[in-house]
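> Just so it is clear, I am handing over upload.txt, which has compact mmCIF, C-alpha atoms.
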# COMPACT_ATOMS: atom_id res chain seq x y z
CA MET D 175 -62.06 -8.16 76.77
CA PHE D 176 -60.71 -10.67 74.28
CA PHE D 177 -57.48 -8.71 73.96
CA ASN D 178 -57.08 -8.68 77.68
CA SER D 179 -57.48 -12.43 77.98
CA LEU D 180 -54.93 -12.85 75.19
CA LEU D 181 -52.51 -10.71 77.16
CA THR D 182 -52.91 -12.67 80.33
CA ASN D 183 -52.56 -15.92 78.42
CA PHE D 184 -49.53 -15.20 76.34
CA ALA D 185 -47.70 -12.20 77.52
CA ALA D 186 -46.72 -12.97 81.05
CA LEU D 187 -43.04 -13.32 80.33
CA GLU D 188 -41.18 -14.80 83.22
CA VAL D 189 -37.46 -14.64 82.77
CA GLY D 190 -35.17 -16.32 85.22
CA GLN D 191 -37.97 -17.87 87.24
CA HIS D 192 -37.99 -21.57 87.79
CA LEU D 193 -40.27 -24.29 89.01
CA TYR D 194 -38.16 -25.62 91.87
CA TRP D 195 -38.20 -29.24 92.90
CA GLN D 196 -36.64 -29.93 96.23
CA ILE D 197 -35.25 -33.42 96.70
CA GLY D 198 -33.51 -33.67 100.04
CA ASN D 199 -30.83 -31.06 99.95
CA ILE D 200 -30.72 -30.51 96.21
CA ARG D 201 -32.82 -28.19 94.15
CA LEU D 202 -33.77 -28.82 90.55
CA HIS D 203 -35.34 -26.79 87.79
CA GLY D 204 -38.48 -28.84 87.35
CA GLN D 205 -39.69 -27.18 84.15
CA VAL D 206 -36.49 -28.22 82.35
CA PHE D 207 -36.97 -31.86 83.27
CA LEU D 208 -40.69 -31.81 82.50
CA THR D 209 -40.22 -30.50 78.97
CA SER D 210 -37.18 -32.67 78.33
CA TRP D 211 -39.05 -35.79 79.43
CA ILE D 212 -42.02 -34.96 77.22
CA LEU D 213 -39.81 -34.22 74.19
CA LEU D 214 -37.44 -37.14 74.70
CA GLY D 215 -40.43 -39.42 75.25
CA ALA D 216 -41.87 -38.24 71.95
CA LEU D 217 -38.48 -38.78 70.29
CA LEU D 218 -38.16 -42.30 71.69
CA VAL D 219 -41.73 -43.18 70.65
CA PHE D 220 -41.01 -41.85 67.17
CA ILE D 221 -37.79 -43.87 66.92
CA SER D 222 -39.39 -47.03 68.32
CA LEU D 223 -42.20 -46.75 65.76
CA GLY D 224 -39.71 -46.22 62.96
CA THR D 225 -37.43 -49.12 63.91
CA LYS D 226 -40.20 -51.54 64.91
CA LYS D 227 -40.26 -53.37 61.62
CA MET D 228 -37.01 -52.81 59.80
CA GLU D 229 -37.02 -53.86 56.19
CA ASN D 230 -34.36 -54.02 53.55
CA ASP D 231 -36.68 -51.97 51.42
CA PRO D 232 -37.35 -48.95 53.65
CA LYS D 233 -40.80 -47.41 53.86
CA GLY D 234 -42.28 -44.42 55.66
CA LEU D 235 -40.74 -43.67 59.04
CA GLN D 236 -37.85 -46.06 58.50
CA ASN D 237 -36.89 -44.01 55.47
CA LEU D 238 -36.81 -40.83 57.54
CA LEU D 239 -34.79 -42.49 60.30
CA GLU D 240 -32.32 -43.86 57.78
CA PHE D 241 -31.94 -40.40 56.29
CA LEU D 242 -31.29 -39.04 59.77
CA TRP D 243 -28.78 -41.80 60.48
CA ASP D 244 -27.00 -41.11 57.23
CA TYR D 245 -26.92 -37.38 57.96
CA ILE D 246 -25.40 -37.98 61.40
CA ARG D 247 -22.90 -40.47 60.00
CA ASP D 248 -21.76 -37.97 57.37
CA LEU D 249 -21.41 -35.30 60.05
CA ALA D 250 -19.39 -37.57 62.34
CA ARG D 251 -17.29 -38.99 59.52
CA THR D 252 -16.30 -35.65 58.02
CA GLN D 253 -15.39 -34.14 61.41
CA ILE D 254 -13.88 -37.10 63.28
CA GLY D 255 -12.35 -39.06 60.44
CA GLU D 256 -12.76 -42.52 59.00
CA LYS D 257 -10.86 -44.30 61.76
CA VAL D 258 -12.83 -43.68 64.93
CA TYR D 259 -16.04 -42.00 63.86
CA ARG D 260 -18.01 -45.18 64.58
CA ASP D 261 -17.25 -45.00 68.31
CA TRP D 262 -18.47 -41.43 68.56
CA MET D 263 -21.38 -41.45 66.17
CA PRO D 264 -23.99 -42.34 68.85
CA PHE D 265 -22.78 -39.52 71.09
CA ILE D 266 -22.69 -36.93 68.31
CA GLY D 267 -26.08 -38.14 67.08
CA THR D 268 -27.56 -37.97 70.56
CA LEU D 269 -26.27 -34.43 71.02
CA PHE D 270 -27.75 -33.42 67.68
CA LEU D 271 -31.10 -35.09 68.33
CA PHE D 272 -31.34 -33.83 71.90
CA VAL D 273 -30.54 -30.22 70.99
CA PHE D 274 -32.69 -30.32 67.87
CA VAL D 275 -35.70 -31.86 69.59
CA SER D 276 -35.33 -29.50 72.55
CA ASN D 277 -35.02 -26.41 70.37
CA TRP D 278 -37.84 -27.27 68.01
CA GLY D 279 -40.05 -28.60 70.77
CA GLY D 280 -39.53 -25.38 72.67
CA ALA D 281 -40.39 -23.31 69.60
CA LEU D 282 -43.27 -25.33 68.16
CA ILE D 283 -45.28 -26.43 71.18
CA PRO D 284 -47.36 -23.68 72.84
CA TRP D 285 -46.00 -24.37 76.31
CA ARG D 286 -47.26 -21.03 77.58
CA LEU D 287 -50.79 -22.40 77.66
CA VAL D 288 -49.69 -24.64 80.54
CA LYS D 289 -49.75 -22.71 83.80
CA LEU D 290 -47.11 -23.57 86.36
CA PRO D 291 -47.01 -22.27 89.93
CA SER D 292 -43.68 -20.63 89.13
CA GLY D 293 -41.66 -20.24 85.95
CA GLU D 294 -42.89 -21.58 82.63
CA LEU D 295 -42.25 -24.47 80.32
CA GLY D 296 -39.97 -23.91 77.36
CA ALA D 297 -37.06 -25.32 75.46
CA PRO D 298 -34.79 -27.30 77.84
CA THR D 299 -31.84 -25.77 75.98
CA ALA D 300 -32.90 -22.30 77.13
CA ASP D 301 -31.69 -23.25 80.61
CA ILE D 302 -28.00 -22.69 81.33
CA ASN D 303 -27.77 -25.95 83.29
CA THR D 304 -28.67 -28.02 80.27
CA THR D 305 -26.26 -26.33 77.90
CA ILE D 306 -23.38 -26.45 80.41
CA ALA D 307 -24.12 -30.14 81.00
CA LEU D 308 -23.94 -30.80 77.26
CA ALA D 309 -20.78 -28.71 76.84
CA LEU D 310 -19.02 -30.44 79.76
CA LEU D 311 -19.94 -33.82 78.30
CA VAL D 312 -18.32 -32.70 75.06
CA SER D 313 -15.18 -31.64 76.94
CA LEU D 314 -14.96 -34.96 78.78
CA SER D 315 -15.54 -36.77 75.50
CA TYR D 316 -12.73 -35.14 73.63
CA PHE D 317 -10.29 -35.67 76.49
CA TYR D 318 -11.36 -39.29 76.70
CA ALA D 319 -11.16 -39.70 72.92
CA GLY D 320 -7.68 -38.22 72.77
CA LEU D 321 -6.31 -40.15 75.76
CA SER D 322 -7.85 -43.48 74.77
CA ASN D 323 -6.66 -43.19 71.18
CA LYS D 324 -3.20 -41.77 71.65
CA GLY D 325 -2.40 -42.26 75.34
CA TRP D 326 -0.05 -39.65 76.77
CA ARG D 327 0.88 -38.60 73.26
CA TYR D 328 -2.42 -36.74 73.31
CA PHE D 329 -0.65 -33.90 75.09
CA GLU D 330 1.62 -33.42 72.10
CA TYR D 331 -1.39 -31.61 70.72
CA TYR D 332 -0.78 -28.81 73.22
CA VAL D 333 2.69 -28.07 71.86
CA HIS D 334 1.80 -28.57 68.24
CA PRO D 335 3.15 -27.08 66.04
CA THR D 336 5.30 -25.07 68.53
CA PRO D 337 5.44 -24.92 72.37
CA ILE D 338 4.40 -21.27 72.09
CA MET D 339 0.89 -22.58 71.53
CA LEU D 340 0.73 -24.18 74.98
CA PRO D 341 -1.04 -21.34 76.85
CA PHE D 342 -3.50 -20.83 74.01
CA LYS D 343 -4.31 -24.51 73.82
CA ILE D 344 -4.87 -24.66 77.57
CA LEU D 345 -7.08 -21.61 77.33
CA GLU D 346 -8.99 -23.32 74.56
CA ASP D 347 -9.97 -26.14 76.89
CA PHE D 348 -11.88 -23.55 78.90
CA THR D 349 -13.25 -21.50 76.04
CA LYS D 350 -14.57 -24.50 74.17
CA PRO D 351 -17.22 -25.53 76.74
CA LEU D 352 -17.88 -21.89 77.55
CA SER D 353 -18.60 -20.93 73.95
CA LEU D 354 -20.54 -24.14 73.27
CA SER D 355 -22.84 -23.66 76.24
CA PHE D 356 -23.35 -19.93 75.95
CA ARG D 357 -23.90 -19.97 72.20
CA LEU D 358 -26.72 -22.48 72.49
CA PHE D 359 -28.20 -20.98 75.64
CA GLY D 360 -28.05 -17.43 74.30
CA ASN D 361 -29.56 -18.23 70.92
CA ILE D 362 -32.46 -20.25 72.23
CA LEU D 363 -33.24 -17.94 75.12
CA ALA D 364 -33.01 -14.89 72.86
CA ASP D 365 -35.35 -16.50 70.38
CA GLU D 366 -37.87 -17.31 73.11
CA LEU D 367 -37.63 -13.77 74.50
CA VAL D 368 -38.02 -12.11 71.10
CA VAL D 369 -41.05 -14.19 70.28
CA GLY D 370 -42.46 -13.60 73.76
CA VAL D 371 -41.98 -9.84 73.64
CA LEU D 372 -43.40 -9.60 70.12
CA VAL D 373 -46.42 -11.70 71.06
CA PHE D 374 -46.89 -9.39 74.03
CA LEU D 375 -46.66 -6.23 71.92
CA VAL D 376 -48.35 -7.35 68.67
CA PRO D 377 -50.22 -10.60 69.18
CA LEU D 378 -51.14 -10.95 65.49
CA ILE D 379 -49.13 -11.85 62.36
CA LEU D 380 -45.94 -9.96 63.22
CA PRO D 381 -44.47 -12.70 65.45
CA ILE D 382 -44.90 -15.33 62.73
CA PRO D 383 -41.81 -14.48 60.63
CA VAL D 384 -39.81 -14.24 63.86
CA MET D 385 -41.11 -17.67 64.82
CA PHE D 386 -39.94 -19.06 61.49
CA LEU D 387 -36.59 -17.41 62.03
CA GLY D 388 -36.56 -19.07 65.45
CA LEU D 389 -37.13 -22.49 63.89
CA PHE D 390 -34.27 -21.83 61.51
CA THR D 391 -31.98 -20.69 64.34
CA SER D 392 -32.95 -23.72 66.38
CA ALA D 393 -32.05 -26.16 63.64
CA ILE D 394 -28.80 -24.34 62.88
CA GLN D 395 -27.82 -24.31 66.56
CA ALA D 396 -28.37 -28.06 66.82
CA LEU D 397 -26.21 -28.58 63.75
CA ILE D 398 -23.51 -26.22 65.05
CA PHE D 399 -23.42 -27.89 68.45
CA ALA D 400 -23.10 -31.39 67.00
CA THR D 401 -20.58 -30.30 64.37
CA LEU D 402 -18.36 -28.52 66.88
CA ALA D 403 -18.53 -31.43 69.31
CA ALA D 404 -17.49 -33.78 66.51
CA TYR D 405 -14.77 -31.35 65.42
CA TYR D 406 -13.29 -31.17 68.92
CA ILE D 407 -13.25 -34.96 69.17
CA GLY D 408 -11.72 -35.17 65.71
CA GLU D 409 -9.06 -32.66 66.71
CA ALA D 410 -8.20 -34.75 69.77
CA VAL D 411 -7.82 -38.04 67.89
CA GLU D 412 -6.04 -36.55 64.88
CA GLU D 413 -2.52 -37.86 64.33
CA HIS D 414 0.16 -35.19 63.91
CA HIS D 415 3.12 -36.00 61.77
CA MET J 250 -46.05 -7.20 83.38
CA LEU J 251 -42.72 -8.16 81.88
CA ALA J 252 -40.79 -9.54 84.78
CA PHE J 253 -37.15 -9.28 83.86
CA ASN J 254 -35.27 -10.57 86.86
CA PHE J 255 -31.86 -11.31 85.52
CA PHE J 256 -29.52 -11.26 88.44
CA GLY J 257 -31.27 -9.50 91.24
CA ALA J 258 -33.59 -12.29 92.26
CA THR J 259 -33.07 -13.78 95.66
CA GLU J 260 -33.55 -17.20 94.16
CA GLY J 261 -33.50 -18.17 90.54
CA GLY J 262 -32.29 -15.94 87.76
CA LEU J 263 -30.99 -16.86 84.34
CA PHE J 264 -27.65 -18.14 85.57
CA ASP J 265 -28.97 -20.23 88.42
CA ILE J 266 -26.75 -23.29 88.30
CA ASN J 267 -27.74 -26.16 90.55
CA ALA J 268 -28.17 -29.94 90.59
CA THR J 269 -30.10 -29.69 87.32
CA LEU J 270 -26.70 -29.66 85.59
CA PRO J 271 -25.29 -33.05 86.69
CA LEU J 272 -28.69 -34.70 86.47
CA MET J 273 -29.14 -33.40 82.93
CA ALA J 274 -25.68 -34.70 82.06
CA ILE J 275 -26.60 -38.13 83.43
CA GLN J 276 -29.86 -37.99 81.49
CA VAL J 277 -28.01 -37.20 78.25
CA VAL J 278 -25.52 -40.03 78.83
CA ALA J 279 -28.42 -42.41 79.48
CA LEU J 280 -30.10 -41.12 76.35
CA THR J 281 -26.91 -41.83 74.40
CA TYR J 282 -27.00 -45.48 75.47
CA ILE J 283 -30.75 -45.78 74.83
CA LEU J 284 -30.49 -44.19 71.38
CA ASN J 285 -27.47 -46.33 70.57
CA SER J 286 -29.35 -49.54 71.19
CA LEU J 287 -32.68 -48.29 69.87
CA PHE J 288 -31.64 -46.20 66.89
CA PHE J 289 -27.98 -46.11 65.87
CA LYS J 290 -27.26 -49.85 66.03
CA PRO J 291 -30.39 -51.24 64.33
CA VAL J 292 -30.59 -48.56 61.66
CA GLY J 293 -26.83 -48.78 61.09
CA ASN J 294 -27.05 -52.54 60.69
CA VAL J 295 -29.83 -52.27 58.13
CA VAL J 296 -28.17 -49.45 56.19
CA GLU J 297 -24.73 -51.04 56.18
CA LYS J 298 -26.14 -54.44 55.22
CA ARG J 299 -27.89 -52.79 52.31
CA GLU J 300 -24.78 -50.85 51.29
CA LYS J 301 -22.80 -54.09 51.33
CA PHE J 302 -25.51 -55.83 49.34
CA VAL J 303 -25.56 -53.04 46.77
CA SER J 304 -21.78 -52.89 46.42
CA THR J 305 -21.42 -56.68 46.05
CA ASN J 306 -24.21 -56.64 43.50
CA ILE J 307 -22.49 -53.88 41.57
CA ILE J 308 -19.24 -55.84 41.55
CA GLU J 309 -21.08 -58.97 40.47
CA ALA J 310 -22.87 -57.08 37.73
CA LYS J 311 -19.57 -55.62 36.53
CA ASN J 312 -18.04 -59.10 36.40
CA LYS J 313 -21.03 -60.38 34.49
CA LEU J 314 -20.87 -57.47 32.09
CA SER J 315 -17.21 -58.12 31.33
CA GLU J 316 -18.01 -61.79 30.85
CA VAL J 317 -20.81 -60.89 28.48
CA LYS J 318 -18.46 -58.63 26.54
CA LYS J 319 -15.91 -61.42 26.29
CA LEU J 320 -18.55 -63.85 25.07
CA GLU J 321 -19.81 -61.29 22.60
CA ALA J 322 -16.32 -60.85 21.15
CA ASP J 323 -15.96 -64.62 21.05
CA LEU J 324 -19.22 -65.01 19.20
CA LEU J 325 -18.27 -62.25 16.81
CA THR J 326 -15.06 -64.02 15.83
CA GLN J 327 -16.98 -67.25 15.51
CA LEU J 328 -19.51 -65.54 13.30
CA GLN J 329 -16.73 -64.09 11.20
CA SER J 330 -15.10 -67.48 10.66
CA ALA J 331 -18.47 -69.07 9.92
CA ARG J 332 -19.13 -66.40 7.36
CA THR J 333 -15.82 -66.91 5.57
CA GLU J 334 -16.37 -70.67 5.72
CA ALA J 335 -19.80 -70.27 4.17
CA GLN J 336 -18.35 -68.07 1.46
CA ARG J 337 -15.70 -70.65 0.75
CA ILE J 338 -18.29 -73.42 0.53
CA VAL J 339 -20.51 -71.38 -1.74
CA SER J 340 -17.68 -70.52 -4.11
CA GLU J 341 -16.54 -74.13 -4.11
CA ALA J 342 -20.05 -75.30 -4.95
CA GLU J 343 -20.25 -72.69 -7.68
CA ASP J 344 -16.99 -73.89 -9.15
CA GLU J 345 -18.14 -77.49 -9.03
CA SER J 346 -21.47 -76.79 -10.66
CA ASP J 347 -19.68 -74.77 -13.31
CA LYS J 348 -17.39 -77.67 -13.97
CA LEU J 349 -20.28 -80.11 -14.10
CA TYR J 350 -22.17 -77.83 -16.47
CA LYS J 351 -19.21 -77.54 -18.73
CA GLU J 352 -18.71 -81.30 -18.68
CA ALA J 353 -22.35 -81.96 -19.46
CA LEU J 354 -22.28 -79.38 -22.23
CA GLU J 355 -19.23 -80.95 -23.77
CA LEU J 356 -20.73 -84.40 -23.56
CA ALA J 357 -23.95 -83.21 -25.17
CA ASN J 358 -22.00 -81.40 -27.89
CA ASN J 359 -19.96 -84.48 -28.61
CA GLU J 360 -23.03 -86.63 -28.78
CA ALA J 361 -24.77 -84.19 -31.05
CA ASN J 362 -21.71 -84.00 -33.29
CA ALA J 363 -21.47 -87.75 -33.42
CA SER J 364 -25.09 -88.23 -34.37
CA LYS J 365 -24.80 -85.44 -36.95
CA GLU J 366 -21.75 -87.15 -38.41
CA LYS J 367 -23.56 -90.46 -38.47
CA ALA J 368 -26.55 -88.92 -40.19
CA ARG J 369 -24.30 -87.24 -42.73
CA LEU J 370 -22.54 -90.49 -43.45
CA GLU J 371 -25.87 -92.27 -43.87
CA ILE J 372 -27.12 -89.55 -46.19
CA GLU J 373 -23.92 -89.81 -48.16
CA SER J 374 -24.13 -93.60 -48.43
CA GLN J 375 -27.76 -93.44 -49.43
CA THR J 376 -27.00 -90.75 -51.97
CA SER J 377 -24.20 -92.82 -53.44
CA ALA J 378 -26.43 -95.90 -53.41
CA ALA J 379 -29.17 -94.00 -55.17
CA ARG J 380 -26.64 -92.65 -57.64
CA ASP J 381 -25.29 -96.15 -58.27
CA GLN J 382 -28.78 -97.45 -58.80
CA LEU J 383 -29.53 -94.56 -61.13
CA SER J 384 -26.39 -95.13 -63.15
CA LYS J 385 -27.16 -98.87 -63.26
CA GLN J 386 -30.66 -98.15 -64.53
CA ALA J 387 -29.21 -95.76 -67.04
CA ASP J 388 -26.82 -98.46 -68.13
CA ASP J 389 -29.66 -100.96 -68.38
CA LEU J 390 -31.72 -98.53 -70.35
CA SER J 391 -28.88 -97.68 -72.70
CA GLU J 392 -28.18 -101.41 -73.21
CA LEU J 393 -31.84 -101.96 -73.93
CA ILE J 394 -31.84 -99.14 -76.45
CA VAL J 395 -28.67 -100.43 -78.03
CA ASN J 396 -30.04 -103.97 -78.26
CA ARG J 397 -33.26 -102.86 -79.82
CA LEU J 398 -31.48 -100.75 -82.35
CA ILE J 399 -29.25 -103.66 -83.25
CA LEU J 400 -32.17 -106.03 -83.52
CA GLU J 401 -34.11 -103.78 -85.81
CA LYS J 402 -31.35 -103.87 -88.25
What is this file in structure tokens?

Amino acid sequence: MFFNSLLTNFAALEVGQHLYWQIGNIRLHGQVFLTSWILLGALLVFISLGTKKMENDPKGLQNLLEFLWDYIRDLARTQIGEKVYRDWMPFIGTLFLFVFVSNWGGALIPWRLVKLPSGELGAPTADINTTIALALLVSLSYFYAGLSNKGWRYFEYYVHPTPIMLPFKILEDFTKPLSLSFRLFGNILADELVVGVLVFLVPLILPIPVMFLGLFTSAIQALIFATLAAYYIGEAVEEHH
Amino acid sequence: MLAFNFFGATEGGLFDINATLPLMAIQVVALTYILNSLFFKPVGNVVEKREKFVSTNIIEAKNKLSEVKKLEADLLTQLQSARTEAQRIVSEAEDESDKLYKEALELANNEANASKEKARLEIESQTSAARDQLSKQADDLSELIVNRLILEK
């Protein structure tokens, strides 16, 4: 009896089903927005608490936030370079925090306990719309960074070091967002599916190491996404000599 | 129970791209601005202010340290000169006291010699006086003897 109730609670894996919200003519994946609002709300509350009373002598949450800030600054500075990293640090940091919070929130919070009429709650980054949105933002950012920093000379990058590179560089502009979005989407979705299937098959103990592996993957994916975004921007603003 | 509907679903599926995409992009851009004003700017200000404070303090401390080293060297040379000066004064004083001692010794010697000489002279004069007196008495006595002998005759 108990086993049965466990199965009905945890094991109903629903892949590719969504909670649709219909607003006028457009349709949205409601579960993605619900989880992202909850997680981003938690993130903003956390950050507001940590920055409420800033002191020169950091304590508690402020310490953690300063560590985070320093981590993001190092990431942006090493990838983008000393000259313009300041302009892009908030964007890179937001990407990192958004992906990290989404991934970990999706892995740590037992969303499955919440019953939706259709689909189920999970990491917002396990939805292809979210990851493509992030990847396209990265693409726009590096174009904007290159054009605003170097003007039309940005396109020298496409024939650098030789014009033979031109087709490959153009192809890269398509593969970059594609690989960014599908890497994140695939990893997070795969992690959710593996955990889901394992919980369905063996509800005890066995899924735990896989869950830890999932947390690891989630953190790494956030770092990879932010690092690559920063690298692409850095590549666009780099001066060739 | 496992409902794997990858592509075949009439609606939905894993690669169901719809208005979620642009709205999510707008949400992330909004989040960037919110986090910038709520997190990156304030924390950055505090951290950078502190870094500046620390670096200026380090520079100041380095300046002070070099100043201290300079002063130390200065004091050391001063100490050295004071030491040699003291040595000079001490040796001078020693010389002087030596001289004074010698002078005093000589003076005392002279005085002692003088008084010894005086005493010797006095002794000599007294001795000669006593001898004179003795010879006079002897003369007197001999005269007396002679007179008596003559008178008895």
> One decimal, Å: what's the distance from CA of Glu412 (chain D) over to CA of Arg260 (chain D), could you say?
14.8 Å
> With the cut-off set at 9 Å and counting all atoms listed in the file, tabulate each residue of chain D with an atom at most that distance from an atom of chain J, showing the nearest atom pair and its distance in Å to one decimal, ordered by chain and increasing number, as CSV.

residue,atom,partner,partner_atom,distance
D:Ala185,CA,J:Leu251,CA,7.8
D:Ala186,CA,J:Met250,CA,6.3
D:Leu187,CA,J:Leu251,CA,5.4
D:Glu188,CA,J:Ala252,CA,5.5
D:Val189,CA,J:Phe253,CA,5.5
D:Gly190,CA,J:Gly262,CA,3.9
D:Gln191,CA,J:Gly261,CA,5.6
D:His192,CA,J:Gly261,CA,6.3
D:Tyr194,CA,J:Gly261,CA,8.9
D:Ile200,CA,J:Ala268,CA,6.2
D:Arg201,CA,J:Ala268,CA,6.1
D:Leu202,CA,J:Thr269,CA,5.0
D:His203,CA,J:Thr269,CA,6.0
D:Gly204,CA,J:Thr269,CA,8.4
D:Val206,CA,J:Thr269,CA,8.2
D:Phe207,CA,J:Met273,CA,8.0
D:Leu214,CA,J:Leu280,CA,8.5
D:Leu218,CA,J:Leu284,CA,7.9
D:Ile221,CA,J:Phe288,CA,6.6
D:Ser222,CA,J:Leu287,CA,7.0
D:Gly224,CA,J:Phe288,CA,9.0
D:Thr225,CA,J:Phe288,CA,7.1
D:Met228,CA,J:Val295,CA,7.4
D:Glu229,CA,J:Val295,CA,7.6
D:Asn230,CA,J:Val295,CA,6.7
D:Asp231,CA,J:Arg299,CA,8.9
D:Gln236,CA,J:Val292,CA,8.3
D:Leu239,CA,J:Val292,CA,7.5
D:Glu240,CA,J:Val292,CA,6.3
D:Trp243,CA,J:Phe289,CA,6.9
D:Asp244,CA,J:Val296,CA,8.5
D:Met263,CA,J:Phe289,CA,8.1
D:Pro264,CA,J:Asn285,CA,5.6
D:Phe265,CA,J:Thr281,CA,5.8
D:Ile266,CA,J:Thr281,CA,8.9
D:Gly267,CA,J:Thr281,CA,8.2
D:Thr268,CA,J:Thr281,CA,5.5
D:Leu269,CA,J:Val277,CA,7.9
D:Phe272,CA,J:Val277,CA,7.9
D:Asp301,CA,J:Leu263,CA,7.4
D:Ile302,CA,J:Phe264,CA,6.2
D:Asn303,CA,J:Leu270,CA,4.5
D:Thr304,CA,J:Leu270,CA,5.9
D:Thr305,CA,J:Leu270,CA,8.4
D:Ile306,CA,J:Leu270,CA,6.9
D:Ala307,CA,J:Ala274,CA,4.9
D:Leu308,CA,J:Ala274,CA,6.4
D:Leu310,CA,J:Ala274,CA,8.2
D:Leu311,CA,J:Ala274,CA,6.9
D:Val371,CA,J:Leu251,CA,8.4
D:Phe374,CA,J:Leu251,CA,9.0
> One number please: CA of Asp388 (chain J) to CA of Arg369 (chain J), in Å, one decimal.
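Computed distance, CA of Asp388 (chain J) to CA of Arg369 (chain J), equals 27.9 Å.
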> Please report the interatomic distance between CA of Leu345 (chain D) and CA of Ile398 (chain D) in Å with one decimal.
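These two atoms are separated by 21.0 Å.
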> Neighbours of region 362-364 of chain D within 9 Å (all atoms listed in the file; same-chain residues fewer than 2 positions away dropped), as a PyMOL selection string?
chain D and resi 277+280-281+297+299-301+357-360+366-369+388+391-392+395
> Residues as selected, C-alpha atoms, written as a JSON list (two decimals), in the frame of the given file, can you do that?

[["chain", "number", "residue", "atom", "x", "y", "z"],
["D", 277, "ASN", "CA", -35.02, -26.41, 70.37],
["D", 280, "GLY", "CA", -39.53, -25.38, 72.67],
["D", 281, "ALA", "CA", -40.39, -23.31, 69.60],
["D", 297, "ALA", "CA", -37.06, -25.32, 75.46],
["D", 299, "THR", "CA", -31.84, -25.77, 75.98],
["D", 300, "ALA", "CA", -32.90, -22.30, 77.13],
["D", 301, "ASP", "CA", -31.69, -23.25, 80.61],
["D", 357, "ARG", "CA", -23.90, -19.97, 72.20],
["D", 358, "LEU", "CA", -26.72, -22.48, 72.49],
["D", 359, "PHE", "CA", -28.20, -20.98, 75.64],
["D", 360, "GLY", "CA", -28.05, -17.43, 74.30],
["D", 366, "GLU", "CA", -37.87, -17.31, 73.11],
["D", 367, "LEU", "CA", -37.63, -13.77, 74.50],
["D", 368, "VAL", "CA", -38.02, -12.11, 71.10],
["D", 369, "VAL", "CA", -41.05, -14.19, 70.28],
["D", 388, "GLY", "CA", -36.56, -19.07, 65.45],
["D", 391, "THR", "CA", -31.98, -20.69, 64.34],
["D", 392, "SER", "CA", -32.95, -23.72, 66.38],
["D", 395, "GLN", "CA", -27.82, -24.31, 66.56]]
> Just checking: using only C-alpha atoms, which residue out of D:Leu352, D:Ile382, D:Val376, D:Leu213 ends up closest to Leu271 (chain D)?
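Closest residue, counting only C-alpha atoms: D:Leu213.
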> For region 287-312 of chain J of the block above, can you save C-alpha atoms as a compact mmCIF listing (two decimals), in the first residue's frame?

# COMPACT_ATOMS: atom_id res chain seq x y z
CA LEU J 287 20.43 45.46 -6.05
CA PHE J 288 23.56 43.34 -6.01
CA PHE J 289 26.41 44.18 -8.38
CA LYS J 290 26.54 47.95 -7.79
CA PRO J 291 26.22 48.06 -3.97
CA VAL J 292 28.45 45.05 -3.32
CA GLY J 293 30.95 46.29 -5.90
CA ASN J 294 31.05 49.71 -4.26
CA VAL J 295 31.70 48.22 -0.84
CA VAL J 296 34.32 45.76 -2.07
CA GLU J 297 36.14 48.28 -4.24
CA LYS J 298 36.07 50.91 -1.49
CA ARG J 299 37.62 48.38 0.85
CA GLU J 300 40.22 47.32 -1.72
CA LYS J 301 41.16 50.97 -2.21
CA PHE J 302 41.30 51.50 1.54
CA VAL J 303 43.53 48.45 1.99
CA SER J 304 45.88 49.38 -0.86
CA THR J 305 46.26 53.00 0.33
CA ASN J 306 46.88 51.73 3.83
CA ILE J 307 49.53 49.34 2.56
CA ILE J 308 51.25 52.16 0.68
CA GLU J 309 51.06 54.38 3.73
CA ALA J 310 52.44 51.64 5.93
CA LYS J 311 55.29 51.06 3.48
CA ASN J 312 56.11 54.77 3.51
